[in-house]
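Quick look at upload.tsv (TSV, C-alpha atoms and all ligand atoms):
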```
chain	number	residue	atom	x	y	z
A	22	MET	CA	139.49	190.00	236.42
A	23	THR	CA	142.18	188.86	234.04
A	24	GLY	CA	145.93	189.11	234.19
A	25	VAL	CA	146.35	187.96	237.78
A	26	GLY	CA	148.32	184.79	237.43
A	27	PRO	CA	150.68	183.22	239.90
A	28	GLY	CA	153.63	185.46	240.65
A	29	SER	CA	156.66	184.89	238.49
A	30	PRO	CA	160.05	184.39	240.06
A	31	LEU	CA	162.12	187.53	239.81
A	32	PRO	CA	165.84	188.03	239.50
A	33	GLY	CA	167.84	189.25	242.47
A	34	GLY	CA	167.78	188.10	246.08
A	35	PRO	CA	164.64	187.84	248.17
A	36	VAL	CA	162.91	191.13	248.96
A	37	ARG	CA	162.66	189.87	252.50
A	38	ASP	CA	166.45	190.08	252.86
A	39	ASP	CA	166.41	193.65	251.58
A	40	ALA	CA	163.81	194.60	254.17
A	41	ALA	CA	165.71	192.87	256.97
A	42	ALA	CA	168.81	194.83	256.01
A	43	ILE	CA	167.01	198.16	256.51
A	44	ALA	CA	164.93	197.15	259.54
A	45	ALA	CA	166.86	199.43	261.89
A	46	ASP	CA	166.33	202.40	259.57
A	47	LEU	CA	162.61	201.61	259.33
A	48	ALA	CA	162.31	201.58	263.12
A	49	GLU	CA	164.26	204.82	263.43
A	50	LEU	CA	162.00	206.56	260.89
A	51	ARG	CA	158.89	205.15	262.51
A	52	HIS	CA	159.98	206.37	265.97
A	53	ARG	CA	160.67	209.88	264.68
A	54	ILE	CA	157.22	210.03	263.07
A	55	HIS	CA	155.66	208.59	266.22
A	56	GLN	CA	157.29	211.20	268.48
A	57	GLU	CA	155.97	214.08	266.40
A	58	PRO	CA	152.44	213.04	265.40
A	59	GLU	CA	150.13	215.29	263.38
A	60	ILE	CA	146.36	215.22	262.76
A	61	GLY	CA	144.28	215.75	259.66
A	62	LEU	CA	145.16	216.88	256.16
A	63	ASP	CA	148.08	219.15	257.05
A	64	LEU	CA	151.07	217.14	258.29
A	65	PRO	CA	154.09	219.30	257.42
A	66	GLN	CA	156.57	217.66	259.81
A	67	THR	CA	155.58	214.17	258.68
A	68	GLN	CA	155.81	215.21	255.04
A	69	GLN	CA	159.35	216.48	255.65
A	70	LYS	CA	160.36	213.17	257.26
A	71	VAL	CA	158.98	211.26	254.26
A	72	LEU	CA	160.83	213.50	251.83
A	73	GLY	CA	164.01	212.95	253.86
A	74	ALA	CA	163.54	209.18	253.71
A	75	LEU	CA	163.01	209.32	249.92
A	76	ASP	CA	165.89	211.71	249.30
A	77	GLY	CA	168.23	210.49	246.57
A	78	LEU	CA	165.87	207.82	245.25
A	79	PRO	CA	164.99	207.92	241.52
A	80	LEU	CA	161.39	209.02	242.13
A	81	GLU	CA	159.13	211.62	240.51
A	82	LEU	CA	157.74	213.51	243.49
A	83	THR	CA	154.53	215.54	243.59
A	84	LEU	CA	153.42	217.31	246.75
A	85	GLY	CA	149.74	217.87	247.45
A	86	ARG	CA	148.23	221.30	246.95
A	87	GLY	CA	145.30	221.15	249.37
A	88	LEU	CA	146.91	218.64	251.72
A	89	SER	CA	150.45	217.62	252.71
A	90	SER	CA	150.52	214.45	250.65
A	91	VAL	CA	153.51	212.99	248.82
A	92	THR	CA	153.00	211.13	245.55
A	93	ALA	CA	156.15	209.34	244.36
A	94	VAL	CA	156.34	207.54	241.02
A	95	LEU	CA	159.05	204.99	240.29
A	96	ARG	CA	159.49	204.18	236.60
A	97	GLY	CA	160.91	200.72	236.12
A	98	GLY	CA	163.61	199.83	233.62
A	99	GLN	CA	161.37	197.31	231.84
A	100	PRO	CA	158.11	198.12	230.03
A	101	GLY	CA	155.00	197.34	231.98
A	102	ARG	CA	151.89	198.52	233.74
A	103	THR	CA	151.39	200.49	236.97
A	104	VAL	CA	150.67	199.39	240.56
A	105	LEU	CA	149.73	201.70	243.44
A	106	LEU	CA	150.86	201.21	247.05
A	107	ARG	CA	149.34	203.37	249.76
A	108	GLY	CA	150.42	204.35	253.28
A	109	ASP	CA	148.46	206.75	255.47
A	110	MET	CA	150.38	209.18	257.68
A	111	ASP	CA	148.01	210.86	260.18
A	112	ALA	CA	147.58	210.49	263.94
A	113	LEU	CA	144.62	210.80	266.34
A	114	PRO	CA	143.54	213.28	269.05
A	115	ILE	CA	144.57	211.02	271.95
A	116	THR	CA	147.05	211.56	274.79
A	117	GLU	CA	149.46	208.63	274.66
A	118	ARG	CA	149.75	206.36	277.72
A	119	THR	CA	152.14	203.67	276.44
A	120	GLY	CA	155.21	204.78	278.40
A	121	LEU	CA	157.37	203.91	275.38
A	122	GLY	CA	160.76	205.55	274.98
A	123	TYR	CA	159.64	206.98	271.64
A	124	ALA	CA	156.17	207.99	272.85
A	125	SER	CA	154.48	211.08	271.44
A	126	ALA	CA	156.08	214.36	272.51
A	127	VAL	CA	152.83	216.16	271.68
A	128	THR	CA	150.15	216.18	274.37
A	129	GLY	CA	146.77	215.19	272.96
A	130	VAL	CA	148.11	213.71	269.74
A	131	MET	CA	149.13	210.06	269.21
A	132	HIS	CA	149.83	207.58	266.46
A	133	ALA	CA	147.32	205.16	267.98
A	134	CYS	CA	146.28	203.58	264.66
A	135	GLY	CA	149.77	202.59	263.54
A	136	HIS	CA	149.91	204.95	260.56
A	137	ASP	CA	153.50	205.76	261.60
A	138	LEU	CA	154.32	202.14	260.71
A	139	HIS	CA	152.45	202.40	257.40
A	140	THR	CA	154.46	205.50	256.45
A	141	ALA	CA	157.79	203.85	257.32
A	142	MET	CA	156.83	200.64	255.48
A	143	LEU	CA	155.90	202.54	252.33
A	144	ALA	CA	159.15	204.52	252.44
A	145	GLY	CA	161.00	201.22	252.89
A	146	ALA	CA	159.22	199.66	249.92
A	147	ALA	CA	160.13	202.72	247.81
A	148	ARG	CA	163.76	202.26	248.77
A	149	ILE	CA	163.81	198.53	248.01
A	150	LEU	CA	162.01	198.88	244.69
A	151	SER	CA	164.21	201.83	243.69
A	152	ALA	CA	167.25	199.59	244.14
A	153	ARG	CA	165.61	197.06	241.78
A	154	ARG	CA	164.51	199.69	239.32
A	155	HIS	CA	166.31	198.15	236.35
A	156	GLU	CA	164.50	194.82	236.69
A	157	LEU	CA	161.14	196.42	237.55
A	158	PRO	CA	158.60	195.70	234.76
A	159	GLY	CA	156.47	198.83	235.00
A	160	ASN	CA	155.74	201.71	237.36
A	161	VAL	CA	154.88	202.03	241.02
A	162	ILE	CA	152.90	204.90	242.55
A	163	PHE	CA	153.69	205.39	246.25
A	164	MET	CA	150.74	207.21	247.83
A	165	PHE	CA	151.72	208.89	251.13
A	166	GLN	CA	148.34	210.04	252.37
A	167	PRO	CA	147.29	212.46	255.15
A	168	GLY	CA	143.86	212.60	256.74
A	169	GLU	CA	142.67	208.99	256.83
A	170	GLU	CA	141.03	209.44	260.25
A	171	GLY	CA	137.81	211.13	259.15
A	172	HIS	CA	139.22	213.67	256.69
A	173	ALA	CA	138.90	211.62	253.48
A	174	GLY	CA	142.50	212.32	252.53
A	175	ALA	CA	142.39	209.58	249.89
A	176	ARG	CA	139.50	211.32	248.13
A	177	HIS	CA	141.46	214.60	248.14
A	178	MET	CA	144.50	212.85	246.64
A	179	ILE	CA	142.33	211.22	243.97
A	180	ASN	CA	140.89	214.65	243.12
A	181	GLU	CA	144.46	215.94	242.81
A	182	GLY	CA	145.32	213.14	240.39
A	183	VAL	CA	147.16	210.43	242.36
A	184	LEU	CA	145.57	207.62	240.32
A	185	ASP	CA	146.93	209.13	237.09
A	186	ALA	CA	150.34	210.09	238.49
A	187	ALA	CA	152.17	207.55	236.31
A	188	GLY	CA	150.26	208.50	233.15
A	189	GLU	CA	147.94	205.49	233.17
A	190	ARG	CA	145.59	203.99	235.70
A	191	PRO	CA	147.11	201.36	238.00
A	192	VAL	CA	146.13	197.76	237.31
A	193	ALA	CA	146.05	197.13	241.06
A	194	ALA	CA	146.23	198.99	244.37
A	195	TYR	CA	147.26	197.62	247.77
A	196	ALA	CA	147.31	198.96	251.33
A	197	LEU	CA	148.32	197.36	254.60
A	198	HIS	CA	146.91	198.13	258.03
A	199	VAL	CA	148.57	197.07	261.26
A	200	ALA	CA	146.58	195.89	264.28
A	201	SER	CA	147.87	196.19	267.85
A	202	ALA	CA	145.53	193.39	269.00
A	203	GLN	CA	143.09	190.71	267.80
A	204	LEU	CA	145.68	189.48	265.26
A	205	GLY	CA	148.94	187.90	266.40
A	206	LEU	CA	152.28	189.46	265.50
A	207	GLY	CA	153.15	188.79	261.88
A	208	LEU	CA	149.80	187.29	260.88
A	209	VAL	CA	148.31	188.52	257.61
A	210	ALA	CA	144.53	188.60	257.06
A	211	THR	CA	142.40	189.59	254.14
A	212	ARG	CA	139.25	188.50	252.33
A	213	ALA	CA	137.45	188.83	249.02
A	214	GLY	CA	134.65	191.37	248.82
A	215	SER	CA	133.64	193.62	251.70
A	216	MET	CA	136.61	194.14	253.99
A	217	MET	CA	135.60	197.20	256.02
A	218	ALA	CA	132.26	198.92	256.65
A	219	ALA	CA	130.86	202.08	255.14
A	220	ALA	CA	130.64	204.78	257.81
A	221	ASP	CA	128.01	207.47	257.39
A	222	VAL	CA	126.31	210.02	259.64
A	223	LEU	CA	122.59	210.55	260.24
A	224	ASP	CA	122.03	214.10	261.50
A	225	VAL	CA	118.49	214.67	262.77
A	226	THR	CA	116.77	217.81	264.05
A	227	VAL	CA	113.17	217.51	265.28
A	228	ARG	CA	111.31	220.83	265.37
A	229	GLY	CA	108.21	221.47	267.44
A	230	HIS	CA	107.08	224.42	269.49
A	231	GLY	CA	108.22	225.07	273.00
A	232	GLY	CA	106.03	225.89	275.97
A	233	HIS	CA	105.27	225.27	279.64
A	234	ALA	CA	106.07	221.72	280.66
A	235	SER	CA	102.84	221.52	282.73
A	236	GLN	CA	100.66	222.01	279.63
A	237	PRO	CA	102.26	219.92	276.87
A	238	HIS	CA	99.02	219.84	274.84
A	239	LEU	CA	99.53	223.55	274.14
A	240	ALA	CA	103.08	222.99	272.87
A	241	ALA	CA	104.56	220.63	270.27
A	242	ASP	CA	107.11	218.59	272.21
A	243	PRO	CA	110.02	217.31	270.07
A	244	ILE	CA	111.58	215.12	272.80
A	245	PRO	CA	109.21	212.09	272.88
A	246	ALA	CA	109.20	211.96	269.08
A	247	ALA	CA	113.01	212.09	268.94
A	248	CYS	CA	113.20	209.30	271.55
A	249	GLU	CA	110.76	207.25	269.47
A	250	MET	CA	113.02	207.76	266.44
A	251	VAL	CA	116.04	206.40	268.35
A	252	THR	CA	114.26	203.17	269.27
A	253	ALA	CA	112.49	202.89	265.91
A	254	LEU	CA	115.85	203.04	264.15
A	255	GLN	CA	116.93	199.98	266.16
A	256	THR	CA	113.72	198.17	265.29
A	257	MET	CA	114.28	199.06	261.64
A	258	VAL	CA	117.75	197.49	261.78
A	259	THR	CA	116.37	194.17	263.00
A	260	ARG	CA	113.17	194.06	260.89
A	261	ARG	CA	114.28	195.52	257.57
A	262	PHE	CA	117.83	194.23	257.09
A	263	SER	CA	119.18	190.74	256.59
A	264	VAL	CA	121.32	189.40	259.42
A	265	PHE	CA	123.71	188.29	256.67
A	266	ASP	CA	124.04	191.82	255.29
A	267	PRO	CA	123.69	193.79	258.50
A	268	VAL	CA	123.74	197.46	259.35
A	269	VAL	CA	124.71	199.08	262.65
A	270	ILE	CA	123.12	202.35	263.81
A	271	THR	CA	124.35	203.93	267.03
A	272	VAL	CA	123.01	207.26	268.28
A	273	GLY	CA	126.10	208.72	269.92
A	274	SER	CA	124.85	212.23	270.58
A	275	PHE	CA	121.37	213.37	271.76
A	276	HIS	CA	120.61	216.89	272.93
A	277	ALA	CA	117.40	218.74	273.80
A	278	GLY	CA	116.17	221.24	276.30
A	279	THR	CA	117.58	223.27	279.15
A	280	THR	CA	115.61	222.45	282.30
A	281	ASP	CA	112.75	220.35	283.70
A	282	ASN	CA	109.82	222.70	283.30
A	283	VAL	CA	110.37	223.98	279.76
A	284	ILE	CA	109.43	222.17	276.57
A	285	PRO	CA	112.14	223.05	274.03
A	286	ASP	CA	111.58	223.98	270.40
A	287	GLU	CA	114.04	221.39	269.08
A	288	ALA	CA	115.72	218.07	269.73
A	289	HIS	CA	118.87	217.02	267.91
A	290	PHE	CA	120.69	213.72	267.55
A	291	LEU	CA	123.59	212.25	265.59
A	292	ALA	CA	124.06	208.59	264.66
A	293	THR	CA	126.85	206.66	263.01
A	294	VAL	CA	125.53	204.28	260.37
A	295	ARG	CA	127.68	201.30	259.35
A	296	SER	CA	126.89	199.00	256.44
A	297	PHE	CA	128.82	196.28	254.63
A	298	SER	CA	127.42	196.39	251.11
A	299	THR	CA	126.50	199.14	248.71
A	300	ALA	CA	122.97	197.72	248.51
A	301	ALA	CA	122.50	197.86	252.29
A	302	ARG	CA	124.02	201.34	252.37
A	303	ASP	CA	121.58	202.61	249.75
A	304	GLN	CA	118.69	200.98	251.60
A	305	VAL	CA	119.59	202.37	255.03
A	306	ARG	CA	120.17	205.84	253.61
A	307	ALA	CA	116.62	205.99	252.25
A	308	ALA	CA	114.89	204.04	255.01
A	309	SER	CA	116.37	205.99	257.93
A	310	GLN	CA	115.42	209.36	256.46
A	311	ARG	CA	111.87	208.19	255.71
A	312	LEU	CA	111.45	206.74	259.21
A	313	VAL	CA	112.45	210.02	260.84
A	314	ALA	CA	110.24	212.11	258.57
A	315	ASP	CA	107.21	209.86	259.06
A	316	ILE	CA	107.50	209.69	262.87
A	317	ALA	CA	107.75	213.46	262.98
A	318	ALA	CA	104.68	213.78	260.77
A	319	ALA	CA	102.74	211.33	262.94
A	320	HIS	CA	103.24	213.68	265.87
A	321	GLY	CA	102.58	216.87	263.94
A	322	LEU	CA	106.24	217.91	264.04
A	323	GLN	CA	108.83	218.84	261.45
A	324	ALA	CA	112.10	216.94	261.15
A	325	SER	CA	115.15	217.26	258.97
A	326	ALA	CA	117.18	214.08	258.55
A	327	GLU	CA	120.44	214.66	256.73
A	328	TYR	CA	122.32	211.54	255.68
A	329	LEU	CA	125.99	212.38	255.19
A	330	ASP	CA	127.91	209.91	253.04
A	331	GLU	CA	131.35	209.63	254.61
A	332	TYR	CA	133.45	206.53	253.77
A	333	PRO	CA	132.15	203.89	251.34
A	334	VAL	CA	132.42	200.14	251.92
A	335	THR	CA	136.02	198.98	251.45
A	336	VAL	CA	135.61	196.26	248.82
A	337	ASN	CA	138.52	193.97	247.98
A	338	ASP	CA	138.68	192.59	244.47
A	339	ALA	CA	138.46	188.79	244.85
A	340	ALA	CA	141.38	188.08	242.51
A	341	GLU	CA	143.58	190.75	244.09
A	342	ALA	CA	142.81	189.56	247.62
A	343	ALA	CA	143.75	186.00	246.58
A	344	PHE	CA	146.90	187.30	244.87
A	345	ALA	CA	147.95	189.19	248.00
A	346	ALA	CA	147.22	186.23	250.27
A	347	GLN	CA	149.27	183.94	248.03
A	348	ALA	CA	152.19	186.38	248.00
A	349	ALA	CA	152.06	186.57	251.81
A	350	ALA	CA	151.93	182.76	252.09
A	351	ASP	CA	154.93	182.39	249.77
A	352	LEU	CA	156.87	184.99	251.75
A	353	PHE	CA	155.98	184.04	255.31
A	354	GLY	CA	154.47	180.54	255.13
A	355	ASP	CA	150.84	179.34	254.98
A	356	GLY	CA	150.56	179.38	258.77
A	357	ARG	CA	150.82	183.14	258.87
A	358	VAL	CA	148.00	183.89	256.43
A	359	LEU	CA	144.39	183.88	257.58
A	360	ALA	CA	141.21	184.15	255.56
A	361	GLN	CA	139.38	186.88	257.43
A	362	PRO	CA	135.94	185.43	258.22
A	363	HIS	CA	133.92	188.65	258.09
A	364	PRO	CA	134.42	192.36	257.35
A	365	LEU	CA	135.60	194.70	260.09
A	366	PRO	CA	133.07	197.30	261.34
A	367	GLY	CA	135.65	200.07	261.14
A	368	ALA	CA	135.90	202.18	257.99
A	369	GLU	CA	138.78	203.14	255.70
A	370	ASP	CA	139.19	205.83	253.10
A	371	PHE	CA	141.29	203.45	250.94
A	372	SER	CA	137.73	202.53	249.92
A	373	PHE	CA	137.80	205.56	247.58
A	374	VAL	CA	140.83	204.07	245.78
A	375	LEU	CA	139.21	200.63	245.59
A	376	GLU	CA	136.09	202.16	244.04
A	377	GLN	CA	138.24	202.99	241.00
A	378	VAL	CA	141.10	200.46	241.00
A	379	PRO	CA	140.84	196.73	241.78
A	380	GLY	CA	142.97	195.92	244.77
A	381	ALA	CA	143.14	194.65	248.30
A	382	PHE	CA	143.28	196.02	251.83
A	383	ILE	CA	145.29	193.69	254.06
A	384	MET	CA	145.58	193.50	257.85
A	385	LEU	CA	148.98	192.77	259.43
A	386	GLY	CA	149.27	191.76	263.08
A	387	ALA	CA	151.60	194.03	265.10
A	388	CYS	CA	150.56	192.95	268.59
A	389	PRO	CA	153.66	193.20	270.81
A	390	ALA	CA	155.57	189.93	271.18
A	391	GLY	CA	154.66	188.20	274.42
A	392	THR	CA	151.26	189.94	274.63
A	393	ASP	CA	147.92	188.18	274.24
A	394	PRO	CA	146.20	189.50	271.08
A	395	ALA	CA	142.82	188.77	272.66
A	396	THR	CA	143.35	191.24	275.51
A	397	ALA	CA	145.96	193.72	274.23
A	398	PRO	CA	144.70	197.30	273.72
A	399	PHE	CA	143.37	197.70	270.17
A	400	ASN	CA	144.00	200.52	267.67
A	401	HIS	CA	142.79	203.94	268.90
A	402	ALA	CA	143.47	203.11	272.57
A	403	ALA	CA	145.80	205.46	274.45
A	404	ASP	CA	147.89	202.44	275.48
A	405	ALA	CA	147.91	200.65	272.10
A	406	VAL	CA	151.42	199.42	271.21
A	407	PHE	CA	152.57	198.26	267.77
A	408	ASP	CA	155.66	196.06	267.54
A	409	ASP	CA	158.53	197.30	265.35
A	410	ALA	CA	158.94	193.69	264.23
A	411	ALA	CA	156.01	194.22	261.85
A	412	LEU	CA	157.95	196.88	259.92
A	413	ALA	CA	160.19	194.61	257.87
A	414	ASP	CA	157.32	192.22	257.10
A	415	GLY	CA	155.03	195.03	255.96
A	416	THR	CA	157.79	196.53	253.82
A	417	THR	CA	158.49	193.12	252.31
A	418	LEU	CA	154.86	192.47	251.49
A	419	LEU	CA	154.31	195.87	249.86
A	420	ALA	CA	157.44	195.63	247.72
A	421	GLU	CA	156.77	192.01	246.77
A	422	LEU	CA	153.16	192.76	245.80
A	423	ALA	CA	154.32	195.49	243.42
A	424	LEU	CA	157.02	193.29	241.87
A	425	ARG	CA	154.79	190.26	241.44
A	426	ARG	CA	151.76	192.14	240.24
A	427	LEU	CA	153.75	193.99	237.59
A	428	ALA	CA	155.36	190.71	236.48
A	429	ALA	CA	151.91	189.10	236.27
A	430	ALA	CA	150.44	192.02	234.32
A	431	GLY	CA	153.12	191.82	231.65
A	432	PRO	CA	153.94	194.55	229.14
A	433	PRO	CA	151.31	197.12	228.08
A	434	GLY	CA	149.09	196.58	225.05
B	501	ZN	ZN	142.24	204.44	262.83
B	502	ZN	ZN	144.04	203.41	260.53
```
Once you've parsed the file, please lay out its structure as structure tokens.
Ligand SMILES: [Zn+2]
Ligand SMILES: [Zn+2]
Amino acid sequence: MTGVGPGSPLPGGPVRDDAAAIAADLAELRHRIHQEPEIGLDLPQTQQKVLGALDGLPLELTLGRGLSSVTAVLRGGQPGRTVLLRGDMDALPITERTGLGYASAVTGVMHACGHDLHTAMLAGAARILSARRHELPGNVIFMFQPGEEGHAGARHMINEGVLDAAGERPVAAYALHVASAQLGLGLVATRAGSMMAAADVLDVTVRGHGGHASQPHLAADPIPAACEMVTALQTMVTRRFSVFDPVVITVGSFHAGTTDNVIPDEAHFLATVRSFSTAARDQVRAASQRLVADIAAAHGLQASAEYLDEYPVTVNDAAEAAFAAQAAADLFGDGRVLAQPHPLPGAEDFSFVLEQVPGAFIMLGACPAGTDPATAPFNHAADAVFDDAALADGTTLLAELALRRLAAAGPPG
């Protein structure tokens, strides 16, 4: 892509100093969000905290209609283009076991993926950029998003117009994700191309005809055929897909029958399907459904194999990933920026944004100081801990990316 040059120096003091000055406020906001976590698309308490943090800033605010999102647009004092920054806000159905002073007050709900940090960082970036509004060459869309954890909140916000909130499409979009392990505190990692997997569901029902278990030839037993499908799917993964563009299929749910001496009418299983390229995703979608249908037919059974497209591959634009890595290196030093060697097998609904806007998804290490990243509990664990020290760095990086990218894009037209 064009227009991504080296970042221009900007007037005013370093953004990093601005973030350091509000670090205590960021931690306080993060702790309040952490103590009152909410799941899914409807996060009214979290939305109120965000609105409180943005109160008084020169932002155009739009609240979601079908979800409790907050879209905030900052219009800079200088002519320019638009950049989007995104922070997700939802928690997970987990009972927290960290023992932290600000641990979740809600049994069964926990910010175990660090989205409380993302929300606070984005609010911090909005505050810092608002204070620099007069020098800002263009617009920034702050996308406060519910429902990342399996509810496709980003897709809902796109349908409600977040990408057009400033009146023109953003030239770039960025999101950070903290990691409680595997990446040391303060380290930044990203890569060009595939960054996270696509996550889809294969939902299979095998239909036969039940009967007495002692006379299977008089029935049509769905269980052996369903078992054959489970192993055949694994064989398909190794024989049909390149090891350099892999897919992962895991059958996580398998149910059939009621007792030992009855052949049931049906067997049912669910699999998660992960892929790292659109080509592999298209191939596995078709191949898995055909495999199931043909094995069923071979045994004289019926099968329905529904392939549910959930989250697409999260694909970083190569120029934007390089731009973000360079900004991080300039801010924090080369030693804190890693080229991520391969995509992560998790999935992200920021992928829906990156399908329409070039941008980058960036990991930020938040492993507690003094803890070994190799053994610390990872995101989604009930004892996962994210260090507040990542807050100022994440805020700095988001704000700096918007400033630099707008400066690099130049005026419209
Ligand atoms: Zn998560
Ligand atoms: Zn997450």
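Of the listed residues A:Pro364, A:Pro114, A:Gly34, A:Gly135, the one whose atoms come nearest to ligand ZN 501 (chain B) is A:Gly135, with distances taken using all atoms listed in the file.
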- [ ] Find, counting all atoms listed in the file, the residue in A:Glu81, A:Asp404, A:Glu369, A:Asp330 that gets nearest to ligand ZN 502 (chain B).
- [x] A:Glu369
Expected answer as an mmCIF file with C-alpha atoms, in the frame of the given file: residues within 9 Å of ligand ZN 502 (chain B), all atoms listed in the file:
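That gives us out17.cif:
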```
data_model
loop_
_atom_site.group_PDB
_atom_site.id
_atom_site.type_symbol
_atom_site.label_atom_id
_atom_site.label_comp_id
_atom_site.auth_asym_id
_atom_site.auth_seq_id
_atom_site.Cartn_x
_atom_site.Cartn_y
_atom_site.Cartn_z
ATOM 1 C CA ASP A 109 148.460 206.750 255.470
ATOM 2 C CA ASP A 111 148.010 210.860 260.180
ATOM 3 C CA ALA A 112 147.580 210.490 263.940
ATOM 4 C CA ALA A 133 147.320 205.160 267.980
ATOM 5 C CA CYS A 134 146.280 203.580 264.660
ATOM 6 C CA GLY A 135 149.770 202.590 263.540
ATOM 7 C CA HIS A 136 149.910 204.950 260.560
ATOM 8 C CA GLU A 169 142.670 208.990 256.830
ATOM 9 C CA GLU A 170 141.030 209.440 260.250
ATOM 10 C CA HIS A 198 146.910 198.130 258.030
ATOM 11 C CA VAL A 199 148.570 197.070 261.260
ATOM 12 C CA ALA A 200 146.580 195.890 264.280
ATOM 13 C CA ALA A 368 135.900 202.180 257.990
ATOM 14 C CA GLU A 369 138.780 203.140 255.700
ATOM 15 C CA ASN A 400 144.000 200.520 267.670
ATOM 16 C CA HIS A 401 142.790 203.940 268.900
#
```
Could you list, as a short mmCIF file (atom, residue, chain, number, x, y, z; two decimals) with C-alpha atoms, in the frame of the given file, every residue within 9 Å of Ile149 (chain A), counting all atoms listed in the file and ignoring same-chain residues fewer than 6 positions away?
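Printed below is around.cif as written:
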```
data_model
loop_
_atom_site.label_atom_id
_atom_site.label_comp_id
_atom_site.auth_asym_id
_atom_site.auth_seq_id
_atom_site.Cartn_x
_atom_site.Cartn_y
_atom_site.Cartn_z
CA VAL A 36 162.91 191.13 248.96
CA ASP A 39 166.41 193.65 251.58
CA ALA A 40 163.81 194.60 254.17
CA THR A 416 157.79 196.53 253.82
CA THR A 417 158.49 193.12 252.31
CA ALA A 420 157.44 195.63 247.72
#
```
TODO: Find, counting only C-alpha atoms and all ligand atoms, the residue in A:Leu113, A:Leu84, A:Leu106, A:Ile316 that gets nearest to ligand ZN 501 (chain B).
DONE: A:Leu113
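Shortest separation to Ala300 (chain A) among A:Phe262, A:Asp315, A:Ser274, A:Val192 occurs at residue A:Phe262, atoms counted being all atoms listed in the file.
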Open item on the list: Calculated over all atoms listed in the file, which of the candidates A:Met110, A:Ile179, A:Ala381, A:Val294 has the smallest distance to ligand ZN 501 (chain B)?
Closed with: A:Met110
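For the set A:Ala48, A:Met142, A:Leu95, A:Ile60, the residue with the smallest atom-to-atom gap to Gly159 (chain A) is A:Leu95, counting only C-alpha atoms.
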Task: Point-to-point distance from CA of Thr140 (chain A) to CA of His172 (chain A), Å rounded to tenths - done: 17.3 Å
